[in-house]
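Visitor: The file below is upload.cif, mmCIF, C-alpha atoms and all ligand atoms:
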data_entry
#
loop_
_atom_site.label_atom_id
_atom_site.label_comp_id
_atom_site.auth_asym_id
_atom_site.auth_seq_id
_atom_site.Cartn_x
_atom_site.Cartn_y
_atom_site.Cartn_z
CA MET A 27 0.00 0.00 0.00
CA ARG A 28 1.18 3.54 -0.66
CA GLU A 29 2.24 5.54 2.35
CA SER A 30 -0.12 8.46 1.91
CA LEU A 31 -3.21 9.30 -0.05
CA GLN A 32 -2.92 11.97 -2.72
CA ASP A 33 -2.88 15.37 -1.07
CA THR A 34 -6.04 16.89 -2.47
CA ALA A 35 -5.16 20.27 -0.94
CA THR A 36 -2.27 20.58 -3.41
CA ASP A 37 -4.11 18.98 -6.32
CA PRO A 38 -4.66 21.70 -8.94
CA ARG A 39 -8.12 20.33 -9.61
CA SER A 40 -9.15 21.27 -6.07
CA ARG A 41 -8.63 24.92 -7.09
CA ARG A 42 -10.46 24.50 -10.36
CA THR A 43 -12.85 27.05 -11.73
CA ARG A 44 -16.33 25.78 -11.16
CA GLY A 45 -19.09 26.11 -13.73
CA THR A 46 -17.11 25.56 -16.91
CA LEU A 47 -17.85 22.15 -18.37
CA ARG A 48 -15.27 20.48 -20.59
CA ARG A 49 -15.98 18.50 -23.74
CA VAL A 50 -15.07 14.82 -23.50
CA GLY A 51 -14.17 12.26 -26.16
CA ILE A 52 -13.02 8.71 -26.78
CA ALA A 53 -9.22 8.70 -27.07
CA GLY A 54 -8.76 4.96 -27.60
CA THR A 55 -10.60 1.63 -27.75
CA GLY A 56 -9.71 -1.97 -26.87
CA SER A 57 -11.37 -5.33 -26.45
CA TYR A 58 -10.66 -8.90 -25.51
CA ALA A 59 -12.52 -12.17 -25.97
CA PRO A 60 -11.33 -15.50 -24.55
CA GLU A 61 -9.99 -18.02 -27.05
CA HIS A 62 -12.33 -20.92 -26.36
CA VAL A 63 -15.24 -21.04 -28.82
CA LEU A 64 -18.58 -22.60 -27.84
CA SER A 65 -20.42 -23.35 -31.08
CA ASN A 66 -24.06 -24.15 -31.72
CA ALA A 67 -22.92 -27.71 -32.49
CA ASP A 68 -21.34 -27.88 -29.00
CA LEU A 69 -24.63 -26.71 -27.45
CA GLU A 70 -26.56 -29.34 -29.40
CA ARG A 71 -24.56 -31.90 -27.42
CA MET A 72 -25.37 -30.22 -24.08
CA VAL A 73 -29.11 -29.42 -24.22
CA ASP A 74 -32.16 -30.15 -26.37
CA THR A 75 -31.54 -27.48 -29.02
CA SER A 76 -30.41 -27.21 -32.63
CA ASP A 77 -28.12 -25.04 -34.72
CA GLU A 78 -31.16 -24.25 -36.87
CA TRP A 79 -33.23 -22.99 -33.87
CA ILE A 80 -30.40 -20.88 -32.46
CA ARG A 81 -29.54 -19.26 -35.79
CA ALA A 82 -33.16 -18.62 -36.72
CA ARG A 83 -34.24 -17.27 -33.33
CA THR A 84 -31.08 -15.36 -32.30
CA GLY A 85 -28.64 -15.02 -35.23
CA MET A 86 -25.91 -16.54 -33.05
CA GLN A 87 -23.42 -19.10 -34.33
CA GLU A 88 -20.77 -19.16 -31.63
CA ARG A 89 -19.69 -17.44 -28.45
CA ARG A 90 -16.45 -17.22 -26.41
CA ILE A 91 -16.08 -18.80 -22.98
CA ALA A 92 -13.49 -17.82 -20.37
CA ARG A 93 -11.06 -20.40 -18.98
CA PRO A 94 -11.82 -21.57 -15.42
CA ASP A 95 -8.91 -19.45 -14.16
CA GLN A 96 -10.17 -16.27 -15.88
CA ALA A 97 -12.45 -13.93 -13.96
CA THR A 98 -14.08 -10.74 -15.24
CA SER A 99 -11.15 -8.54 -14.17
CA ASP A 100 -8.75 -10.69 -16.23
CA LEU A 101 -10.78 -9.96 -19.37
CA ALA A 102 -11.17 -6.30 -18.37
CA ILE A 103 -7.43 -5.85 -17.87
CA GLN A 104 -6.66 -7.17 -21.35
CA ALA A 105 -9.26 -4.88 -22.96
CA GLY A 106 -8.11 -1.95 -20.82
CA ARG A 107 -4.46 -2.44 -21.74
CA ARG A 108 -5.36 -2.41 -25.44
CA ALA A 109 -7.44 0.75 -25.06
CA LEU A 110 -4.58 2.50 -23.22
CA GLN A 111 -2.17 1.48 -25.97
CA ASP A 112 -4.56 2.78 -28.61
CA ALA A 113 -4.86 6.08 -26.74
CA GLY A 114 -1.09 6.34 -26.21
CA LEU A 115 -1.67 6.73 -22.49
CA ALA A 116 0.35 5.17 -19.67
CA ALA A 117 -1.58 3.35 -16.93
CA ASP A 118 -0.29 5.75 -14.28
CA GLU A 119 -1.82 8.67 -16.19
CA LEU A 120 -5.30 7.28 -15.49
CA ASP A 121 -7.12 8.90 -12.61
CA LEU A 122 -10.40 6.95 -12.94
CA ILE A 123 -11.32 3.35 -13.78
CA VAL A 124 -14.97 2.32 -13.98
CA VAL A 125 -16.04 -1.23 -14.74
CA ALA A 126 -19.61 -2.01 -15.80
CA THR A 127 -20.41 -5.62 -15.06
CA ALA A 128 -23.16 -7.99 -13.96
CA THR A 129 -20.56 -10.65 -13.16
CA PRO A 130 -18.01 -9.00 -10.85
CA ASP A 131 -15.07 -11.08 -9.62
CA THR A 132 -16.55 -10.73 -6.12
CA LEU A 133 -19.51 -8.75 -4.74
CA PHE A 134 -16.83 -6.56 -3.15
CA PRO A 135 -14.28 -5.14 -3.51
CA ALA A 136 -15.17 -3.72 -6.92
CA THR A 137 -13.75 -5.45 -9.99
CA ALA A 138 -12.33 -2.04 -10.97
CA CYS A 139 -9.95 -2.30 -7.97
CA ARG A 140 -8.50 -5.50 -9.44
CA VAL A 141 -8.19 -3.78 -12.82
CA GLN A 142 -6.22 -0.98 -11.14
CA ALA A 143 -3.82 -3.57 -9.71
CA GLY A 144 -3.51 -5.51 -12.97
CA LEU A 145 -2.79 -2.41 -15.04
CA GLY A 146 -0.58 -0.73 -12.43
CA ALA A 147 -2.84 2.32 -12.57
CA HIS A 148 -2.15 3.25 -8.98
CA ARG A 149 -3.35 6.87 -9.18
CA ALA A 150 -6.83 5.88 -10.41
CA ALA A 151 -10.00 6.01 -8.34
CA THR A 152 -12.10 2.91 -8.99
CA PHE A 153 -15.68 1.75 -8.83
CA ASP A 154 -18.10 -0.63 -10.57
CA ILE A 155 -21.45 0.14 -12.13
CA SER A 156 -24.29 -2.37 -12.04
CA ALA A 157 -26.72 -1.81 -14.90
CA ALA A 158 -26.44 -5.20 -16.62
CA CYS A 159 -26.47 -4.96 -20.43
CA SER A 160 -26.95 -1.16 -20.22
CA GLY A 161 -23.92 -0.91 -17.93
CA PHE A 162 -21.36 0.34 -20.44
CA VAL A 163 -23.55 3.27 -21.52
CA HIS A 164 -24.33 4.05 -17.87
CA ALA A 165 -20.58 4.06 -17.15
CA LEU A 166 -19.87 6.24 -20.18
CA THR A 167 -22.55 8.70 -19.06
CA THR A 168 -21.16 8.82 -15.51
CA CYS A 169 -17.55 9.25 -16.61
CA GLN A 170 -18.38 11.89 -19.19
CA GLY A 171 -19.99 13.94 -16.43
CA LEU A 172 -17.03 13.46 -14.10
CA LEU A 173 -14.51 14.49 -16.74
CA ALA A 174 -16.65 17.36 -17.99
CA SER A 175 -16.86 18.76 -14.45
CA ARG A 176 -13.04 18.50 -14.10
CA ALA A 177 -13.20 16.00 -11.27
CA PHE A 178 -10.95 13.67 -13.32
CA ASP A 179 -8.81 13.95 -16.45
CA HIS A 180 -8.43 10.47 -17.92
CA ALA A 181 -10.91 7.65 -17.42
CA LEU A 182 -10.82 4.02 -18.48
CA VAL A 183 -14.38 2.79 -19.00
CA ILE A 184 -14.80 -0.96 -19.34
CA GLY A 185 -17.73 -3.31 -19.95
CA ALA A 186 -16.66 -6.83 -18.98
CA GLU A 187 -18.46 -10.09 -18.30
CA VAL A 188 -17.89 -13.74 -17.55
CA LEU A 189 -21.54 -14.62 -18.04
CA SER A 190 -20.62 -18.30 -18.31
CA SER A 191 -20.14 -18.15 -14.51
CA ILE A 192 -23.89 -17.51 -13.94
CA VAL A 193 -25.41 -19.42 -16.85
CA ASP A 194 -27.04 -22.80 -16.26
CA TYR A 195 -25.74 -25.04 -19.03
CA LYS A 196 -28.72 -27.32 -18.49
CA ASP A 197 -31.24 -24.53 -19.29
CA ARG A 198 -31.71 -24.22 -23.06
CA ASN A 199 -33.67 -20.97 -22.61
CA THR A 200 -30.54 -19.13 -21.52
CA CYS A 201 -27.38 -21.12 -22.16
CA VAL A 202 -27.41 -20.66 -25.93
CA LEU A 203 -27.56 -16.88 -25.63
CA PHE A 204 -24.56 -15.67 -23.65
CA GLY A 205 -20.80 -15.34 -24.04
CA ASP A 206 -17.79 -13.81 -22.26
CA ALA A 207 -15.84 -10.72 -23.39
CA ALA A 208 -14.63 -7.25 -22.44
CA GLY A 209 -14.54 -3.91 -24.25
CA ALA A 210 -12.99 -0.65 -23.13
CA VAL A 211 -12.56 3.00 -24.05
CA VAL A 212 -10.25 5.71 -22.73
CA LEU A 213 -12.00 9.03 -22.19
CA ALA A 214 -10.16 12.35 -22.20
CA PRO A 215 -11.05 16.04 -22.49
CA CYS A 216 -11.21 17.30 -26.07
CA SER A 217 -11.49 20.68 -27.80
CA GLY A 218 -11.49 22.42 -31.17
CA GLU A 219 -13.73 21.94 -34.18
CA ASP A 220 -15.19 18.39 -34.35
CA PRO A 221 -12.57 16.67 -32.16
CA PRO A 222 -12.41 12.90 -32.82
CA GLY A 223 -14.63 10.67 -30.70
CA GLU A 224 -16.50 13.48 -28.95
CA LEU A 225 -19.38 12.33 -26.76
CA LEU A 226 -22.31 14.58 -27.63
CA ASP A 227 -25.15 13.37 -25.43
CA ASN A 228 -26.47 10.46 -23.37
CA VAL A 229 -29.90 9.16 -22.39
CA ILE A 230 -30.26 6.61 -19.59
CA GLY A 231 -33.40 5.31 -17.92
CA THR A 232 -35.15 2.52 -16.03
CA ASP A 233 -38.63 0.96 -16.11
CA SER A 234 -38.69 -1.06 -12.89
CA SER A 235 -42.07 -2.61 -13.73
CA GLY A 236 -39.96 -5.25 -15.50
CA ILE A 237 -37.57 -5.72 -12.59
CA ASP A 238 -37.99 -9.53 -12.39
CA LEU A 239 -37.69 -10.28 -16.10
CA ILE A 240 -33.89 -10.66 -16.10
CA GLN A 241 -32.17 -11.45 -12.83
CA GLN A 242 -29.73 -13.53 -10.84
CA PRO A 243 -31.90 -14.09 -7.74
CA GLY A 244 -29.38 -15.71 -5.40
CA GLY A 245 -26.16 -14.62 -3.75
CA GLY A 246 -27.19 -11.12 -2.67
CA SER A 247 -28.86 -9.92 0.54
CA ARG A 248 -32.35 -11.04 -0.56
CA HIS A 249 -31.33 -14.67 -0.98
CA PRO A 250 -27.86 -15.02 0.58
CA ALA A 251 -25.97 -18.01 -0.77
CA THR A 252 -26.78 -21.20 1.14
CA ALA A 253 -26.84 -24.87 0.22
CA GLU A 254 -30.61 -24.41 -0.33
CA THR A 255 -30.30 -21.44 -2.72
CA VAL A 256 -27.68 -23.31 -4.71
CA ALA A 257 -29.82 -26.46 -4.79
CA ALA A 258 -32.69 -24.29 -6.09
CA ASN A 259 -30.38 -22.87 -8.82
CA LEU A 260 -30.94 -19.29 -7.61
CA HIS A 261 -27.32 -18.46 -8.45
CA PHE A 262 -28.10 -18.85 -12.16
CA MET A 263 -29.46 -16.16 -14.46
CA LYS A 264 -33.23 -16.21 -15.08
CA LEU A 265 -34.73 -14.64 -18.17
CA GLU A 266 -38.22 -14.12 -19.54
CA GLY A 267 -36.97 -13.57 -23.04
CA ARG A 268 -40.24 -13.02 -24.89
CA LYS A 269 -41.26 -10.13 -22.61
CA VAL A 270 -37.82 -8.52 -22.82
CA PHE A 271 -37.89 -8.77 -26.61
CA LYS A 272 -40.72 -6.28 -27.00
CA PHE A 273 -39.26 -3.87 -24.44
CA ALA A 274 -35.87 -4.03 -26.19
CA VAL A 275 -37.20 -3.00 -29.60
CA ASN A 276 -39.14 -0.11 -28.04
CA ALA A 277 -36.15 0.98 -25.94
CA ILE A 278 -33.83 1.18 -28.95
CA CYS A 279 -36.35 3.01 -31.15
CA GLU A 280 -37.57 5.49 -28.54
CA SER A 281 -34.17 6.40 -27.08
CA VAL A 282 -32.53 6.81 -30.49
CA ASP A 283 -35.41 9.02 -31.60
CA GLN A 284 -35.22 11.04 -28.35
CA ILE A 285 -31.47 11.65 -28.48
CA LEU A 286 -31.52 12.64 -32.15
CA ARG A 287 -34.48 14.99 -31.73
CA ARG A 288 -33.08 16.80 -28.71
CA ASN A 289 -29.84 17.41 -30.62
CA GLY A 290 -31.68 18.82 -33.63
CA LEU A 291 -30.76 15.76 -35.75
CA THR A 292 -32.70 13.19 -37.77
CA LEU A 293 -32.11 9.56 -38.72
CA ASP A 294 -30.70 10.80 -42.03
CA ASP A 295 -27.83 12.36 -40.09
CA LEU A 296 -26.99 9.08 -38.36
CA ASP A 297 -24.11 7.17 -39.98
CA LEU A 298 -24.04 4.17 -37.68
CA LEU A 299 -26.17 2.57 -34.97
CA ILE A 300 -24.34 0.21 -32.61
CA PRO A 301 -27.08 -1.63 -30.70
CA HIS A 302 -26.59 -4.01 -27.80
CA GLN A 303 -26.15 -7.49 -29.30
CA ALA A 304 -28.87 -9.53 -27.54
CA ASN A 305 -30.71 -11.01 -30.50
CA LEU A 306 -30.41 -10.38 -34.25
CA ARG A 307 -34.21 -10.31 -34.49
CA ILE A 308 -34.36 -7.49 -31.93
CA ILE A 309 -31.79 -5.54 -33.95
CA GLU A 310 -33.62 -6.20 -37.23
CA ALA A 311 -37.00 -5.24 -35.79
CA ALA A 312 -35.61 -1.97 -34.41
CA THR A 313 -33.79 -1.25 -37.68
CA GLU A 314 -36.99 -1.76 -39.65
CA ARG A 315 -39.15 0.29 -37.29
CA LEU A 316 -36.66 3.16 -37.30
CA GLY A 317 -36.51 2.96 -41.10
CA LEU A 318 -32.71 2.64 -41.08
CA ASP A 319 -30.83 0.95 -43.89
CA PRO A 320 -29.32 -2.25 -42.37
CA SER A 321 -25.91 -1.22 -43.74
CA ARG A 322 -25.94 1.53 -41.08
CA VAL A 323 -26.40 -0.93 -38.20
CA ALA A 324 -23.42 -2.78 -36.68
CA VAL A 325 -23.76 -6.49 -35.87
CA ASN A 326 -21.25 -9.06 -34.61
CA ILE A 327 -23.67 -11.24 -32.61
CA GLU A 328 -23.00 -14.27 -34.81
CA ARG A 329 -19.47 -14.56 -33.37
CA TYR A 330 -19.93 -13.56 -29.72
CA GLY A 331 -23.58 -14.01 -28.70
CA ASN A 332 -24.81 -11.68 -25.98
CA THR A 333 -21.89 -10.39 -23.89
CA SER A 334 -24.03 -7.96 -21.86
CA SER A 335 -22.08 -4.81 -20.88
CA ALA A 336 -19.19 -5.82 -23.17
CA SER A 337 -21.24 -6.04 -26.35
CA ILE A 338 -21.24 -2.39 -27.44
CA PRO A 339 -17.57 -1.57 -26.72
CA LEU A 340 -16.59 -4.87 -28.37
CA VAL A 341 -18.36 -3.88 -31.60
CA LEU A 342 -16.96 -0.34 -31.38
CA ASP A 343 -13.40 -1.59 -31.02
CA GLU A 344 -13.75 -4.12 -33.85
CA LEU A 345 -15.07 -1.44 -36.20
CA ALA A 346 -12.39 1.06 -35.17
CA ARG A 347 -9.56 -1.45 -35.66
CA ALA A 348 -10.97 -2.59 -39.01
CA GLY A 349 -10.94 1.05 -40.19
CA ARG A 350 -14.71 0.94 -40.63
CA LEU A 351 -15.34 4.15 -38.69
CA GLN A 352 -14.63 7.39 -40.51
CA ARG A 353 -13.66 10.62 -38.78
CA GLY A 354 -16.74 12.85 -38.39
CA GLN A 355 -19.32 10.06 -38.59
CA LEU A 356 -22.31 10.37 -36.28
CA VAL A 357 -22.59 7.18 -34.22
CA CYS A 358 -25.31 6.12 -31.77
CA LEU A 359 -24.80 3.42 -29.12
CA ALA A 360 -28.08 1.88 -27.93
CA ALA A 361 -28.19 -0.48 -24.95
CA PHE A 362 -30.99 -2.15 -22.98
CA GLY A 363 -31.14 -4.81 -20.30
CA ALA A 364 -32.06 -5.87 -16.79
CA GLY A 365 -33.79 -3.30 -14.62
CA LEU A 366 -35.34 -2.95 -17.12
CA SER A 367 -32.86 -0.30 -18.14
CA TRP A 368 -31.69 1.47 -21.27
CA GLY A 369 -28.84 3.74 -22.26
CA THR A 370 -28.06 5.59 -25.48
CA THR A 371 -25.01 7.66 -26.36
CA LEU A 372 -24.54 9.94 -29.35
CA LEU A 373 -20.97 10.58 -30.47
CA ARG A 374 -19.04 12.07 -33.36
CA TRP A 375 -16.21 9.68 -34.37
O1 LIG B 401 -29.51 -8.56 -23.13
C1 LIG B 401 -30.71 -8.63 -22.43
C2 LIG B 401 -31.02 -10.07 -22.13
N1 LIG B 401 -31.44 -10.76 -23.34
C3 LIG B 401 -32.75 -10.94 -23.56
O2 LIG B 401 -33.55 -10.54 -22.79
C4 LIG B 401 -33.13 -11.69 -24.81
C5 LIG B 401 -34.43 -11.20 -25.35
N2 LIG B 401 -35.25 -12.28 -25.86
C6 LIG B 401 -34.87 -13.07 -26.87
O3 LIG B 401 -33.82 -12.90 -27.45
C7 LIG B 401 -35.84 -14.16 -27.29
O4 LIG B 401 -37.07 -14.00 -26.65
C8 LIG B 401 -35.27 -15.59 -27.01
C9 LIG B 401 -34.12 -15.88 -27.97
C10 LIG B 401 -34.80 -15.70 -25.57
C11 LIG B 401 -36.34 -16.63 -27.26
O5 LIG B 401 -36.85 -16.51 -28.57
P1 LIG B 401 -38.43 -16.49 -28.80
O6 LIG B 401 -38.64 -16.43 -30.24
O7 LIG B 401 -38.99 -15.36 -27.97
O8 LIG B 401 -38.84 -17.93 -28.28
P2 LIG B 401 -39.84 -18.30 -27.12
O9 LIG B 401 -39.27 -17.92 -25.79
O10 LIG B 401 -41.18 -17.77 -27.48
O11 LIG B 401 -39.83 -19.85 -27.24
C12 LIG B 401 -40.33 -20.52 -28.38
C13 LIG B 401 -40.14 -22.02 -28.22
C14 LIG B 401 -40.58 -22.52 -26.86
O12 LIG B 401 -41.20 -23.78 -27.04
P3 LIG B 401 -42.79 -23.90 -27.03
O13 LIG B 401 -43.21 -23.38 -25.66
O14 LIG B 401 -43.27 -23.02 -28.14
O15 LIG B 401 -43.01 -25.36 -27.23
C15 LIG B 401 -39.29 -22.74 -26.11
O16 LIG B 401 -39.36 -23.74 -25.14
O17 LIG B 401 -38.74 -22.35 -28.32
C16 LIG B 401 -38.35 -23.14 -27.21
N3 LIG B 401 -36.95 -22.92 -26.93
C17 LIG B 401 -35.95 -23.58 -27.55
N4 LIG B 401 -35.96 -24.55 -28.49
C18 LIG B 401 -34.77 -24.99 -28.92
C19 LIG B 401 -36.42 -22.02 -26.07
N5 LIG B 401 -35.08 -22.09 -26.10
C20 LIG B 401 -34.77 -23.05 -27.02
C21 LIG B 401 -33.55 -23.57 -27.52
N6 LIG B 401 -33.60 -24.53 -28.45
N7 LIG B 401 -32.36 -23.12 -27.08
#
Now that the file is in, can you turn its structure into C-alpha cells?
Guide:
Amino acid sequence: MRESLQDTATDPRSRRTRGTLRRVGIAGTGSYAPEHVLSNADLERMVDTSDEWIRARTGMQERRIARPDQATSDLAIQAGRRALQDAGLAADELDLIVVATATPDTLFPATACRVQAGLGAHRAATFDISAACSGFVHALTTCQGLLASRAFDHALVIGAEVLSSIVDYKDRNTCVLFGDAAGAVVLAPCSGEDPPGELLDNVIGTDSSGIDLIQQPGGGSRHPATAETVAANLHFMKLEGRKVFKFAVNAICESVDQILRRNGLTLDDLDLLIPHQANLRIIEAATERLGLDPSRVAVNIERYGNTSSASIPLVLDELARAGRLQRGQLVCLAAFGAGLSWGTTLLRW
C-alpha cells in the first residue's frame, strides 16, 4: 500500500474554476474475448436445441467462454491495456477506472480495484457500475460527467463479463444466448472543431415494472448463498426472453429518436447505430421500425452471442480497428437490459 493518499489540498483540480464544463471524447478503444469457442454444435450436445433454432431465433453461431482461471477482471485488464495502448496513455496517467459488469469477480471489492492492480494504474479512483447490459452506456454517461466537471482527467471505462459463470448449461432458454468478453474506451477532455470521438449526449433510464424479467436471484442480501439457494439454482441467471424482446425493440427506437431529436438531428444524419447485441431479431425489428438501412447498423452477434455490458464496446473496437469508422461520422450506441434499463449515447467519431 502507498504511504499516503494523494494530497487533495495541493491537487490543482481542487482549485479549479467551477461552472465551466469540458468537452469529452473517446481517445482509444480496446477489447478482448477469450480463445475458447462454444459453437451451436457444442450446445446441441449439451441441451435439447439445434443449430437451426439458435440461428433462426437469435442469429448466433458461436460465443467465447473464459477459462476456469479467468475472472471478469482478467478480461477487463486485457481490454483496458489495449485501449490505453490505442490512446497512447500510460496506466499511471489514469485517474479513474470504472467497470460495468453484472458478473463482478466478487460482490466486493469492486472489480475495478483488481483492474487498477492488474494495469498498475495506482493513481486511479475505482468503482463498478451495475446496470447489466446497459452498464457500459451508464458508465460512459457517468464518466463523461465526471470528466466534464473536471473531477478527473483520464478515465478508463470498461464493460466486462464472464456470463458463463452464472449461466445454467442445463437450461436451453438461456445457455445458448450468452458469451464472455470485455470492451474498453479511454475518455479524455477534447477541444477544437469536431474533435475525434467526442461524446455529444447520453440518455439513460429505467422501467422497474420489469424488474424480475432478467435477474440472478441468489447470492445477494435477498437470498444469501446457502446450500438451499444453490440447490434451487438461484445463483443462475433467469430470463423471460419473450417479454424482454418487446421492451428491447421499443427501448432502442424510442431512445434513439429522443437523443436525435433533442440534438436537432434526424435519422438521415446518423451514420451508424451500434445496438446491444442480444438477438439479431431485436436488432432487425428496431432497424426496420426506425426505417434505417441495415448497412448503417453494426452487428457481430453471430461470433460472440450476448456479452451484456461488453457487447457495445466490443463492436466499437472491432469497427475502429478494421478502419470501418470514418472521422466525423455520427454514431449512436443503444443499450438495454435488466432493470429494465436502457442507455443511449450519441458521439461524433
Ligand atoms: O440482453 C438482455 C437479455 N437478453 C434478452 O432478454 C433476450 C431477449 N429475448 C430473446 O432474445 C428471445 O425471446 C429468445 C431468444 C430468448 C427466445 O426466442 P423467442 O422467439 O422469444 O422464443 P420463445 O421464448 O417464445 O420460445 C419458443 C419455443 C418454446 O417452445 P414452445 O413453448 O413453443 O413449445 C421454447 O421452449 O422455443 C423453445 N426454446 C428452444 N428450443 C430450442 C427455447 N429455447 C430453445 C432452444 N432450443 N435453445
Visitor: What are the closest atom pairs, with distances in Å to one decimal, for each residue of chain A lying within 9 Å of ligand LIG 401 (chain B), using all atoms listed in the file, rows by chain and rising residue number, as JSON lines?
Guide:
{"residue": "A:Leu69", "atom": "CA", "partner": "B:LIG401", "partner_atom": "N7", "distance": 8.5}
{"residue": "A:Glu70", "atom": "CA", "partner": "B:LIG401", "partner_atom": "N6", "distance": 8.6}
{"residue": "A:Val73", "atom": "CA", "partner": "B:LIG401", "partner_atom": "N7", "distance": 7.6}
{"residue": "A:Asp74", "atom": "CA", "partner": "B:LIG401", "partner_atom": "N6", "distance": 6.2}
{"residue": "A:Thr75", "atom": "CA", "partner": "B:LIG401", "partner_atom": "N6", "distance": 3.6}
{"residue": "A:Ser76", "atom": "CA", "partner": "B:LIG401", "partner_atom": "N6", "distance": 5.9}
{"residue": "A:Asp77", "atom": "CA", "partner": "B:LIG401", "partner_atom": "N6", "distance": 8.3}
{"residue": "A:Glu78", "atom": "CA", "partner": "B:LIG401", "partner_atom": "C18", "distance": 8.8}
{"residue": "A:Trp79", "atom": "CA", "partner": "B:LIG401", "partner_atom": "C18", "distance": 5.6}
{"residue": "A:Ile80", "atom": "CA", "partner": "B:LIG401", "partner_atom": "N7", "distance": 6.1}
{"residue": "A:Ala82", "atom": "CA", "partner": "B:LIG401", "partner_atom": "O6", "distance": 8.8}
{"residue": "A:Arg83", "atom": "CA", "partner": "B:LIG401", "partner_atom": "O6", "distance": 5.4}
{"residue": "A:Thr84", "atom": "CA", "partner": "B:LIG401", "partner_atom": "C9", "distance": 5.3}
{"residue": "A:Ala158", "atom": "CA", "partner": "B:LIG401", "partner_atom": "O1", "distance": 7.9}
{"residue": "A:Cys159", "atom": "CA", "partner": "B:LIG401", "partner_atom": "O1", "distance": 5.4}
{"residue": "A:Ser160", "atom": "CA", "partner": "B:LIG401", "partner_atom": "O1", "distance": 8.4}
{"residue": "A:Asp197", "atom": "CA", "partner": "B:LIG401", "partner_atom": "N7", "distance": 8.0}
{"residue": "A:Arg198", "atom": "CA", "partner": "B:LIG401", "partner_atom": "N7", "distance": 4.2}
{"residue": "A:Asn199", "atom": "CA", "partner": "B:LIG401", "partner_atom": "N5", "distance": 3.9}
{"residue": "A:Thr200", "atom": "CA", "partner": "B:LIG401", "partner_atom": "C10", "distance": 6.8}
{"residue": "A:Cys201", "atom": "CA", "partner": "B:LIG401", "partner_atom": "N7", "distance": 7.3}
{"residue": "A:Val202", "atom": "CA", "partner": "B:LIG401", "partner_atom": "N7", "distance": 5.6}
{"residue": "A:Leu203", "atom": "CA", "partner": "B:LIG401", "partner_atom": "C9", "distance": 7.0}
{"residue": "A:Phe204", "atom": "CA", "partner": "B:LIG401", "partner_atom": "N1", "distance": 8.5}
{"residue": "A:Leu239", "atom": "CA", "partner": "B:LIG401", "partner_atom": "O2", "distance": 7.9}
{"residue": "A:Ile240", "atom": "CA", "partner": "B:LIG401", "partner_atom": "O2", "distance": 6.7}
{"residue": "A:Leu265", "atom": "CA", "partner": "B:LIG401", "partner_atom": "O2", "distance": 6.3}
{"residue": "A:Glu266", "atom": "CA", "partner": "B:LIG401", "partner_atom": "O2", "distance": 6.7}
{"residue": "A:Gly267", "atom": "CA", "partner": "B:LIG401", "partner_atom": "N2", "distance": 3.5}
{"residue": "A:Arg268", "atom": "CA", "partner": "B:LIG401", "partner_atom": "O4", "distance": 3.8}
{"residue": "A:Lys269", "atom": "CA", "partner": "B:LIG401", "partner_atom": "O4", "distance": 7.0}
{"residue": "A:Val270", "atom": "CA", "partner": "B:LIG401", "partner_atom": "O2", "distance": 4.7}
{"residue": "A:Phe271", "atom": "CA", "partner": "B:LIG401", "partner_atom": "C5", "distance": 4.4}
{"residue": "A:Lys272", "atom": "CA", "partner": "B:LIG401", "partner_atom": "C5", "distance": 8.2}
{"residue": "A:Phe273", "atom": "CA", "partner": "B:LIG401", "partner_atom": "C5", "distance": 8.8}
{"residue": "A:Ala274", "atom": "CA", "partner": "B:LIG401", "partner_atom": "C5", "distance": 7.4}
{"residue": "A:His302", "atom": "CA", "partner": "B:LIG401", "partner_atom": "O1", "distance": 7.1}
{"residue": "A:Gln303", "atom": "CA", "partner": "B:LIG401", "partner_atom": "O1", "distance": 7.1}
{"residue": "A:Ala304", "atom": "CA", "partner": "B:LIG401", "partner_atom": "O1", "distance": 4.6}
{"residue": "A:Asn305", "atom": "CA", "partner": "B:LIG401", "partner_atom": "O3", "distance": 4.7}
{"residue": "A:Leu306", "atom": "CA", "partner": "B:LIG401", "partner_atom": "O3", "distance": 8.0}
{"residue": "A:Arg307", "atom": "CA", "partner": "B:LIG401", "partner_atom": "O3", "distance": 7.5}
{"residue": "A:Ile308", "atom": "CA", "partner": "B:LIG401", "partner_atom": "O3", "distance": 7.0}
{"residue": "A:Asn332", "atom": "CA", "partner": "B:LIG401", "partner_atom": "O1", "distance": 6.3}
{"residue": "A:Thr333", "atom": "CA", "partner": "B:LIG401", "partner_atom": "O1", "distance": 7.9}
{"residue": "A:Ser334", "atom": "CA", "partner": "B:LIG401", "partner_atom": "O1", "distance": 5.7}
{"residue": "A:Ser335", "atom": "CA", "partner": "B:LIG401", "partner_atom": "O1", "distance": 8.6}
{"residue": "A:Ala361", "atom": "CA", "partner": "B:LIG401", "partner_atom": "O1", "distance": 8.4}
{"residue": "A:Phe362", "atom": "CA", "partner": "B:LIG401", "partner_atom": "C1", "distance": 6.5}
{"residue": "A:Gly363", "atom": "CA", "partner": "B:LIG401", "partner_atom": "C1", "distance": 4.4}
{"residue": "A:Ala364", "atom": "CA", "partner": "B:LIG401", "partner_atom": "C1", "distance": 6.4}
Visitor: Find the residues around Pro320 in chain A up to 12 Å (all atoms listed in the file counted), leave out those fewer than 5 positions away in its own chain, and share them as a PyMOL selection string.
Guide: chain A and resi 297-301+306+309-315+325
Visitor: Please, what distance in Å, to one decimal, runs between CA of Ala253 in chain A and CA of Val188 in chain A?
Guide: 22.8 Å
Visitor: Would you compute the distance between CA of Arg353 in chain A and CA of Thr167 in chain A? Give it in Å to one decimal.
Guide: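 Distance between the two atoms: 21.7 Å.
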Visitor: Quick one: everything within 8 Å of Ala207 in chain A, counting all atoms listed in the file, minus sequence neighbours fewer than 2 positions away in the same chain. Send it as a VMD selection string.
Guide: chain A and resid 57 to 60 90 101 186 to 188 205 209 333 336 to 337 340
